[in-house]
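Asks: Dropping in structure_0.pdb, which is PDB, C-alpha atoms and all ligand atoms:
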ATOM      1  CA  MET A   1      72.174 -56.815  24.009
ATOM      2  CA  ASN A   2      74.064 -57.630  20.780
ATOM      3  CA  LYS A   3      77.531 -59.015  21.308
ATOM      4  CA  GLY A   4      80.301 -56.473  20.645
ATOM      5  CA  LYS A   5      78.051 -53.397  21.075
ATOM      6  CA  ILE A   6      78.327 -51.106  24.103
ATOM      7  CA  ASP A   7      75.120 -50.372  25.961
ATOM      8  CA  VAL A   8      75.421 -46.625  26.598
ATOM      9  CA  THR A   9      72.380 -46.634  28.868
ATOM     10  CA  ALA A  10      73.896 -49.115  31.376
ATOM     11  CA  PRO A  11      74.976 -47.571  34.709
ATOM     12  CA  GLY A  12      78.752 -47.020  34.615
ATOM     13  CA  LYS A  13      81.366 -46.316  37.255
ATOM     14  CA  LYS A  14      81.219 -42.703  38.468
ATOM     15  CA  VAL A  15      84.434 -40.876  37.698
ATOM     16  CA  GLU A  16      85.711 -38.864  40.669
ATOM     17  CA  GLN A  17      86.243 -35.225  39.739
ATOM     18  CA  GLY A  18      88.916 -33.056  41.265
ATOM     19  CA  HIS A  19      88.076 -29.887  43.194
ATOM     20  CA  LEU A  20      89.774 -26.534  43.261
ATOM     21  CA  HIS A  21      90.910 -25.530  46.722
ATOM     22  CA  PRO A  22      88.829 -22.656  48.164
ATOM     23  CA  LEU A  23      91.984 -20.543  48.410
ATOM     24  CA  THR A  24      92.522 -20.998  44.669
ATOM     25  CA  LEU A  25      88.890 -20.090  43.961
ATOM     26  CA  VAL A  26      89.202 -16.943  46.065
ATOM     27  CA  GLN A  27      92.526 -15.982  44.511
ATOM     28  CA  ARG A  28      91.097 -16.356  40.976
ATOM     29  CA  LYS A  29      88.086 -14.220  41.871
ATOM     30  CA  ILE A  30      90.323 -11.512  43.349
ATOM     31  CA  ILE A  31      92.470 -11.443  40.212
ATOM     32  CA  ASP A  32      89.373 -11.215  37.967
ATOM     33  CA  ILE A  33      87.921  -8.286  39.903
ATOM     34  CA  PHE A  34      91.131  -6.256  40.127
ATOM     35  CA  SER A  35      91.999  -6.963  36.477
ATOM     36  CA  SER A  36      88.613  -5.509  35.512
ATOM     37  CA  MET A  37      89.676  -2.322  37.342
ATOM     38  CA  GLY A  38      92.933  -2.111  35.373
ATOM     39  CA  PHE A  39      95.301  -3.605  37.993
ATOM     40  CA  GLU A  40      98.253  -5.747  36.805
ATOM     41  CA  ILE A  41      99.476  -8.808  38.702
ATOM     42  CA  ALA A  42     102.968  -8.623  40.231
ATOM     43  CA  GLU A  43     105.026 -11.346  41.879
ATOM     44  CA  GLY A  44     108.041 -11.600  44.149
ATOM     45  CA  PRO A  45     110.105 -14.333  45.806
ATOM     46  CA  GLU A  46     108.997 -16.116  48.996
ATOM     47  CA  VAL A  47     112.604 -16.192  50.228
ATOM     48  CA  GLU A  48     113.443 -12.526  50.653
ATOM     49  CA  THR A  49     116.263 -10.329  51.822
ATOM     50  CA  GLU A  50     116.059  -8.181  54.932
ATOM     51  CA  TYR A  51     116.325  -5.138  52.636
ATOM     52  CA  TYR A  52     113.087  -5.791  50.705
ATOM     53  CA  ASN A  53     111.091  -7.217  53.615
ATOM     54  CA  PHE A  54     112.045  -4.496  56.123
ATOM     55  CA  ASP A  55     114.647  -1.798  55.334
ATOM     56  CA  ALA A  56     113.165  -0.522  52.056
ATOM     57  CA  LEU A  57     109.767  -0.400  53.759
ATOM     58  CA  ASN A  58     111.065   2.139  56.287
ATOM     59  CA  ILE A  59     111.322  -0.497  59.053
ATOM     60  CA  PRO A  60     114.818   0.106  60.476
ATOM     61  CA  LYS A  61     116.934  -2.538  62.241
ATOM     62  CA  ASN A  62     116.342  -2.682  66.011
ATOM     63  CA  HIS A  63     113.160  -0.611  65.657
ATOM     64  CA  PRO A  64     110.228  -1.912  67.758
ATOM     65  CA  SER A  65     107.951  -1.850  64.682
ATOM     66  CA  ARG A  66     109.828  -4.949  63.402
ATOM     67  CA  ASP A  67     108.127  -6.875  66.200
ATOM     68  CA  LEU A  68     104.858  -6.598  64.237
ATOM     69  CA  TRP A  69     106.247  -9.356  62.022
ATOM     70  CA  ASP A  70     107.695 -12.474  63.718
ATOM     71  CA  THR A  71     110.219 -13.803  61.268
ATOM     72  CA  PHE A  72     111.601 -17.159  60.124
ATOM     73  CA  TRP A  73     115.291 -16.399  59.460
ATOM     74  CA  LEU A  74     117.443 -18.578  57.222
ATOM     75  CA  LYS A  75     121.039 -19.447  58.117
ATOM     76  CA  ASP A  76     122.381 -17.324  55.252
ATOM     77  CA  GLY A  77     120.761 -14.140  56.639
ATOM     78  CA  ARG A  78     117.797 -14.175  54.281
ATOM     79  CA  LEU A  79     114.234 -14.762  55.531
ATOM     80  CA  LEU A  80     110.818 -16.118  54.554
ATOM     81  CA  ARG A  81     108.845 -13.017  53.623
ATOM     82  CA  THR A  82     106.485 -12.009  56.426
ATOM     83  CA  HIS A  83     104.166 -10.030  54.141
ATOM     84  CA  THR A  84     103.633  -9.285  50.446
ATOM     85  CA  SER A  85     104.723  -5.643  50.885
ATOM     86  CA  PRO A  86     108.278  -6.325  49.537
ATOM     87  CA  VAL A  87     106.639  -6.937  46.135
ATOM     88  CA  GLN A  88     105.683  -3.222  46.109
ATOM     89  CA  ILE A  89     109.350  -2.307  46.435
ATOM     90  CA  ARG A  90     110.548  -4.741  43.765
ATOM     91  CA  TYR A  91     107.877  -3.494  41.370
ATOM     92  CA  MET A  92     108.561   0.217  41.977
ATOM     93  CA  GLU A  93     112.294  -0.398  41.567
ATOM     94  CA  ALA A  94     111.802  -1.955  38.126
ATOM     95  CA  ASN A  95     109.016   0.251  36.706
ATOM     96  CA  GLN A  96     108.153   3.900  36.195
ATOM     97  CA  PRO A  97     104.969   5.381  37.716
ATOM     98  CA  PRO A  98     101.984   5.458  37.375
ATOM     99  CA  PHE A  99     101.442   2.037  38.973
ATOM    100  CA  ARG A 100      98.324  -0.031  39.509
ATOM    101  CA  ILE A 101      99.180  -3.534  40.740
ATOM    102  CA  ILE A 102      98.064  -6.322  43.021
ATOM    103  CA  ALA A 103     100.373  -9.028  44.357
ATOM    104  CA  PRO A 104      98.745 -12.127  45.819
ATOM    105  CA  GLY A 105     101.180 -14.542  47.481
ATOM    106  CA  ARG A 106     102.209 -16.817  50.302
ATOM    107  CA  VAL A 107     103.806 -15.375  53.425
ATOM    108  CA  PHE A 108     105.228 -16.878  56.611
ATOM    109  CA  ARG A 109     105.231 -15.897  60.277
ATOM    110  CA  TYR A 110     106.901 -17.482  63.248
ATOM    111  CA  GLU A 111     103.822 -17.509  65.443
ATOM    112  CA  ALA A 112     101.512 -19.902  67.283
ATOM    113  CA  THR A 113      98.576 -21.131  65.234
ATOM    114  CA  ASP A 114      94.913 -20.897  66.201
ATOM    115  CA  ALA A 115      91.558 -20.743  64.388
ATOM    116  CA  THR A 116      92.456 -17.456  62.676
ATOM    117  CA  HIS A 117      96.281 -17.640  62.543
ATOM    118  CA  GLU A 118      98.531 -19.929  60.526
ATOM    119  CA  ALA A 119     102.329 -19.899  60.275
ATOM    120  CA  GLN A 120     101.943 -19.745  56.491
ATOM    121  CA  PHE A 121      99.067 -17.961  54.833
ATOM    122  CA  TYR A 122      98.219 -15.827  51.816
ATOM    123  CA  GLN A 123      98.104 -12.070  51.503
ATOM    124  CA  LEU A 124      96.964  -9.670  48.842
ATOM    125  CA  GLU A 125      99.038  -6.545  48.340
ATOM    126  CA  GLY A 126      97.698  -3.599  46.351
ATOM    127  CA  LEU A 127      99.447  -0.461  45.102
ATOM    128  CA  MET A 128      98.171   2.489  43.105
ATOM    129  CA  VAL A 129     100.447   5.483  42.472
ATOM    130  CA  GLY A 130      99.709   8.439  40.234
ATOM    131  CA  LYS A 131      99.558  12.229  40.333
ATOM    132  CA  ASN A 132      96.319  12.771  42.256
ATOM    133  CA  ILE A 133      95.677   9.466  43.993
ATOM    134  CA  THR A 134      94.271   9.881  47.521
ATOM    135  CA  LEU A 135      92.625   7.826  50.293
ATOM    136  CA  ALA A 136      89.290   8.595  48.587
ATOM    137  CA  ASN A 137      90.483   6.425  45.663
ATOM    138  CA  LEU A 138      91.434   3.664  48.117
ATOM    139  CA  LYS A 139      87.945   3.771  49.616
ATOM    140  CA  ALA A 140      86.300   3.634  46.187
ATOM    141  CA  VAL A 141      88.492   0.737  44.994
ATOM    142  CA  MET A 142      87.798  -1.178  48.217
ATOM    143  CA  GLU A 143      84.043  -0.593  47.911
ATOM    144  CA  VAL A 144      83.900  -1.898  44.340
ATOM    145  CA  PHE A 145      86.133  -4.855  45.187
ATOM    146  CA  PHE A 146      84.130  -6.024  48.212
ATOM    147  CA  GLN A 147      80.753  -5.488  46.542
ATOM    148  CA  LYS A 148      81.859  -7.694  43.655
ATOM    149  CA  PHE A 149      83.687 -10.238  45.823
ATOM    150  CA  PHE A 150      80.772 -10.840  48.191
ATOM    151  CA  ARG A 151      78.172 -10.150  45.473
ATOM    152  CA  GLU A 152      76.444  -7.710  47.747
ATOM    153  CA  LYS A 153      75.498  -4.100  46.985
ATOM    154  CA  ASP A 154      75.184  -2.609  50.449
ATOM    155  CA  ILE A 155      78.752  -3.154  51.635
ATOM    156  CA  LYS A 156      80.178  -0.012  53.174
ATOM    157  CA  VAL A 157      83.859   0.757  53.781
ATOM    158  CA  ARG A 158      85.310   2.864  56.592
ATOM    159  CA  LEU A 159      88.901   3.903  57.276
ATOM    160  CA  ARG A 160      90.294   4.167  60.823
ATOM    161  CA  PRO A 161      93.681   5.667  61.736
ATOM    162  CA  SER A 162      96.438   3.077  62.231
ATOM    163  CA  PHE A 163     100.203   2.689  61.921
ATOM    164  CA  PHE A 164     102.467   0.923  59.435
ATOM    165  CA  PRO A 165     106.003   2.283  58.972
ATOM    166  CA  PHE A 166     105.713   2.322  55.166
ATOM    167  CA  VAL A 167     102.621   4.535  54.947
ATOM    168  CA  GLU A 168     101.672   8.007  56.166
ATOM    169  CA  PRO A 169      98.881   8.270  57.144
ATOM    170  CA  GLY A 170      98.200   4.614  57.906
ATOM    171  CA  VAL A 171      94.660   3.218  58.162
ATOM    172  CA  GLU A 172      92.732   0.070  58.949
ATOM    173  CA  VAL A 173      90.016  -0.738  56.422
ATOM    174  CA  ASP A 174      86.746  -2.049  57.887
ATOM    175  CA  ILE A 175      83.757  -3.300  55.914
ATOM    176  CA  TRP A 176      80.103  -3.231  56.948
ATOM    177  CA  PHE A 177      78.989  -6.739  56.071
ATOM    178  CA  LYS A 178      75.982  -8.752  57.282
ATOM    179  CA  GLY A 179      75.099  -6.180  59.926
ATOM    180  CA  LYS A 180      78.504  -5.618  61.537
ATOM    181  CA  TRP A 181      81.856  -3.871  61.035
ATOM    182  CA  MET A 182      84.754  -6.201  60.258
ATOM    183  CA  GLU A 183      88.454  -5.313  60.148
ATOM    184  CA  ILE A 184      89.701  -6.464  56.772
ATOM    185  CA  ALA A 185      92.925  -4.753  55.646
ATOM    186  CA  GLY A 186      95.855  -2.533  56.558
ATOM    187  CA  ALA A 187      96.499   0.361  54.197
ATOM    188  CA  GLY A 188      97.608   3.956  53.806
ATOM    189  CA  MET A 189      99.326   6.510  51.590
ATOM    190  CA  VAL A 190     102.762   5.260  50.508
ATOM    191  CA  HIS A 191     105.336   6.991  52.753
ATOM    192  CA  PRO A 192     107.310   9.708  50.872
ATOM    193  CA  LYS A 193     110.537   8.172  52.270
ATOM    194  CA  VAL A 194     109.721   4.852  50.580
ATOM    195  CA  LEU A 195     109.157   6.639  47.254
ATOM    196  CA  GLU A 196     112.302   8.795  47.591
ATOM    197  CA  ASN A 197     114.466   5.730  48.310
ATOM    198  CA  LEU A 198     113.245   4.331  45.004
ATOM    199  CA  LYS A 199     114.016   7.606  43.175
ATOM    200  CA  ILE A 200     110.327   8.372  42.691
ATOM    201  CA  ASP A 201     109.828  12.068  43.414
ATOM    202  CA  PRO A 202     106.818  12.714  45.674
ATOM    203  CA  ARG A 203     107.291  16.528  45.643
ATOM    204  CA  PRO A 204     105.236  18.630  43.254
ATOM    205  CA  PRO A 205     105.560  20.179  40.758
ATOM    206  CA  ALA A 206     108.437  18.106  39.238
ATOM    207  CA  GLY A 207     107.383  14.806  40.794
ATOM    208  CA  GLY A 208     104.131  14.833  42.688
ATOM    209  CA  TRP A 209     103.809  11.041  42.647
ATOM    210  CA  GLN A 210     101.594   9.755  45.428
ATOM    211  CA  GLY A 211      99.258   6.864  46.055
ATOM    212  CA  PHE A 212      97.867   4.215  48.310
ATOM    213  CA  ALA A 213      98.874   0.676  49.237
ATOM    214  CA  PHE A 214      96.941  -1.991  51.076
ATOM    215  CA  GLY A 215      97.451  -5.517  52.385
ATOM    216  CA  MET A 216      94.806  -8.042  53.377
ATOM    217  CA  GLY A 217      94.630 -11.692  54.372
ATOM    218  CA  ILE A 218      93.330 -13.911  51.550
ATOM    219  CA  ASP A 219      92.638 -16.714  54.050
ATOM    220  CA  ARG A 220      90.381 -14.357  56.012
ATOM    221  CA  LEU A 221      88.464 -13.491  52.842
ATOM    222  CA  MET A 222      88.074 -17.205  52.138
ATOM    223  CA  MET A 223      86.814 -17.851  55.677
ATOM    224  CA  ILE A 224      84.162 -15.140  55.391
ATOM    225  CA  LYS A 225      83.059 -16.096  51.869
ATOM    226  CA  TYR A 226      82.746 -19.814  52.540
ATOM    227  CA  LYS A 227      81.852 -19.622  56.267
ATOM    228  CA  ILE A 228      84.938 -21.590  57.342
ATOM    229  CA  ASP A 229      85.536 -21.215  61.068
ATOM    230  CA  ASP A 230      89.097 -22.549  61.325
ATOM    231  CA  VAL A 231      91.858 -21.519  58.914
ATOM    232  CA  ARG A 232      93.887 -24.647  59.786
ATOM    233  CA  LEU A 233      91.318 -26.826  57.986
ATOM    234  CA  SER A 234      92.423 -25.329  54.702
ATOM    235  CA  TYR A 235      96.044 -26.501  55.108
ATOM    236  CA  GLY A 236      95.178 -30.035  56.267
ATOM    237  CA  SER A 237      94.768 -32.941  53.903
ATOM    238  CA  ASP A 238      91.218 -33.948  54.837
ATOM    239  CA  LEU A 239      89.399 -34.567  51.553
ATOM    240  CA  ARG A 240      86.014 -34.159  53.266
ATOM    241  CA  PHE A 241      86.910 -30.463  53.585
ATOM    242  CA  ILE A 242      88.030 -29.857  50.017
ATOM    243  CA  LYS A 243      85.163 -31.833  48.471
ATOM    244  CA  GLN A 244      82.687 -29.245  49.733
ATOM    245  CA  PHE A 245      83.804 -26.587  47.249
TER     246      PHE A 245
HETATM  247  C1  LIG B 301      99.579  -2.340  55.402
HETATM  248  C2  LIG B 301      99.724  -1.097  54.775
HETATM  249  C3  LIG B 301     100.111  -1.103  53.443
HETATM  250  O1  LIG B 301     100.316   0.105  52.835
HETATM  251  C4  LIG B 301     100.320  -2.275  52.728
HETATM  252  C5  LIG B 301     100.174  -3.489  53.368
HETATM  253  C6  LIG B 301      99.810  -3.524  54.699
HETATM  254  C7  LIG B 301      99.675  -4.836  55.416
HETATM  255  C8  LIG B 301     100.970  -5.223  56.139
HETATM  256  N1  LIG B 301     102.027  -5.567  55.212
HETATM  257  C9  LIG B 301     100.671  -6.428  57.032
HETATM  258  O2  LIG B 301     101.246  -7.497  56.842
HETATM  259  N2  LIG B 301      99.737  -6.202  57.967
HETATM  260  S1  LIG B 301      99.199  -7.354  58.965
HETATM  261  O3  LIG B 301     100.308  -7.900  59.729
HETATM  262  O4  LIG B 301      98.150  -6.762  59.768
HETATM  263  O5  LIG B 301      98.588  -8.497  58.096
HETATM  264  C10 LIG B 301      97.591  -8.204  57.113
HETATM  265  C11 LIG B 301      96.499  -9.257  57.151
HETATM  266  O6  LIG B 301      97.070 -10.568  57.058
HETATM  267  C12 LIG B 301      95.718  -9.289  58.451
HETATM  268  O7  LIG B 301      94.703  -8.309  58.431
HETATM  269  C13 LIG B 301      95.149 -10.693  58.450
HETATM  270  O8  LIG B 301      93.985 -10.775  57.639
HETATM  271  C14 LIG B 301      96.234 -11.485  57.749
HETATM  272  N3  LIG B 301      97.034 -12.234  58.738
HETATM  273  C15 LIG B 301      97.983 -11.742  59.580
HETATM  274  N4  LIG B 301      98.545 -12.734  60.305
HETATM  275  C16 LIG B 301      97.917 -13.890  59.903
HETATM  276  C17 LIG B 301      96.951 -13.574  58.911
HETATM  277  N5  LIG B 301      96.190 -14.518  58.311
HETATM  278  C18 LIG B 301      96.366 -15.800  58.700
HETATM  279  N6  LIG B 301      97.276 -16.191  59.638
HETATM  280  C19 LIG B 301      98.062 -15.272  60.254
HETATM  281  N7  LIG B 301      98.976 -15.669  61.137
END
Taking this structure as input, can you express it in the form of structure tokens?
Ligand code: YSA
Replies:
Amino acid sequence: MNKGKIDVTAPGKKVEQGHLHPLTLVQRKIIDIFSSMGFEIAEGPEVETEYYNFDALNIPKNHPSRDLWDTFWLKDGRLLRTHTSPVQIRYMEANQPPFRIIAPGRVFRYEATDATHEAQFYQLEGLMVGKNITLANLKAVMEVFFQKFFREKDIKVRLRPSFFPFVEPGVEVDIWFKGKWMEIAGAGMVHPKVLENLKIDPRPPAGGWQGFAFGMGIDRLMMIKYKIDDVRLSYGSDLRFIKQF
């Protein structure tokens, strides 16, 4: 080789490339799909007040339904949000209906960890309010979302009765995926009390605002999509895990 010239065919040192975390990949995909359906992205703080995390969601103090969410309390009386549902309240407080939003974000629960439970994890909140929005719209939105997310056409969605204080009726959303039913989200029609507290009139003919909300675990979606059997792997620092994606 001539002196001073670089031999571009000589084997060089391989440059290590970074990898996006699977949770980031999943979150980006979710945002793409919902944006294509006209949903905006909303955000809220991770350190919340009791009002937004509980009271405004029709979860009164000393009511047993609070036990659904084990809470990390701060010394000043605030808390680490236990779900993304307070973002619904903050958004409805600051905007006029109709609404069509999703709010992905980190949440915290004071609970023991195992293969499917972490003390911090990610949730996806959804909210759609308009004049004629019903559970049929929820089912349709869920069907489109899961078909696109899992890139599979024959995903079916079913709704089963359930309870959350901030919806009436409340439902669990199950999907038919790879030959079995899987529980995937909590949802329901936004409770009229929640709307009234925010000065949004649910009564026709003057108001008539109504709609659905849902909340699902982003970590669970990641586990299904990438066949990860322990959620704790995703919060460790083992590079062998992250390099697979
Ligand atoms: C329900 C109705 C609505 O109108 C809107 C939202 C909701 C969901 C409600 N805010 C909620 O938090 N329900 S939940 O306690 O059942 O959690 C929702 C999802 O978060 C679960 O289905 C699960 O996928 C995930 N999750 C819960 N605890 C978890 C967890 N993921 C990882 N680790 C944990 N410890």
Asks: Taking the file as shown, find all residues satisfying the PyMOL selection byres (((chain A and resi 53) around 9) and not hetatm) and write them as an NGL selection string.
Replies: :A and (48-52 or 54-57 or 59 or 79-87 or 89)
Asks: What would the file look like if the residues just selected were written as a CSV table (one decimal), keeping the file's coordinate frame with C-alpha atoms?
Replies:
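Saved result, part_22.csv, follows:
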chain,number,residue,atom,x,y,z
A,48,GLU,CA,113.4,-12.5,50.7
A,49,THR,CA,116.3,-10.3,51.8
A,50,GLU,CA,116.1,-8.2,54.9
A,51,TYR,CA,116.3,-5.1,52.6
A,52,TYR,CA,113.1,-5.8,50.7
A,54,PHE,CA,112.0,-4.5,56.1
A,55,ASP,CA,114.6,-1.8,55.3
A,56,ALA,CA,113.2,-0.5,52.1
A,57,LEU,CA,109.8,-0.4,53.8
A,59,ILE,CA,111.3,-0.5,59.1
A,79,LEU,CA,114.2,-14.8,55.5
A,80,LEU,CA,110.8,-16.1,54.6
A,81,ARG,CA,108.8,-13.0,53.6
A,82,THR,CA,106.5,-12.0,56.4
A,83,HIS,CA,104.2,-10.0,54.1
A,84,THR,CA,103.6,-9.3,50.4
A,85,SER,CA,104.7,-5.6,50.9
A,86,PRO,CA,108.3,-6.3,49.5
A,87,VAL,CA,106.6,-6.9,46.1
A,89,ILE,CA,109.4,-2.3,46.4
Asks: May I ask you to write as an MDAnalysis selection string all residues lying at most 7 Å from ligand LIG 301 (chain B), with only C-alpha atoms and all ligand atoms counted?
Replies: chainID A and resid 68:69 82:85 109 111 113 116:123 125 164 166:167 170 184:190 212:220
Asks: Give me the result of the PyMOL selection byres (((chain A and resi 192) around 8) and not hetatm) on this file, residue by residue, as a list in words.
Replies: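 Residues picked by the PyMOL selection byres (((chain A and resi 192) around 8) and not hetatm): Glu168, Val190, His191, Lys193, Val194, Leu195, Glu196, Pro202 and Gln210 of chain A.
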Asks: At most 10 Å is the cut-off: for each residue in range 63-170 of chain A with any atom that close to an atom of range 18-40 of chain A, write down the nearest atom pair and the distance in Å rounded to one decimal, counting only C-alpha atoms, chain first then increasing number, as CSV.
Replies:
residue,atom,partner,partner_atom,distance
A:Phe99,CA,A:Phe39,CA,8.4
A:Arg100,CA,A:Phe39,CA,4.9
A:Ile101,CA,A:Glu40,CA,4.6
A:Ile102,CA,A:Glu40,CA,6.2
A:Ala103,CA,A:Glu40,CA,8.5
A:Pro104,CA,A:Gln27,CA,7.4
A:Gly105,CA,A:Gln27,CA,9.3
A:Phe121,CA,A:Leu23,CA,9.9
A:Tyr122,CA,A:Leu23,CA,8.5
A:Gln123,CA,A:Gln27,CA,9.8
A:Leu124,CA,A:Ile30,CA,8.8
A:Gly126,CA,A:Phe39,CA,8.7
A:Leu127,CA,A:Phe39,CA,8.8
A:Met128,CA,A:Phe39,CA,8.5
A:Val141,CA,A:Met37,CA,8.3
A:Val144,CA,A:Ile33,CA,8.8
A:Phe145,CA,A:Ile33,CA,6.5
A:Phe146,CA,A:Ile33,CA,9.4
A:Lys148,CA,A:Ile33,CA,7.2
A:Phe149,CA,A:Lys29,CA,7.1
Asks: Just how far from CA of Val173 in chain A is CA of Asn197 in chain A, in Å to one decimal?
Replies: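 Straight-line distance from CA of Asn197 in chain A to CA of Val173 in chain A works out to 26.6 Å.
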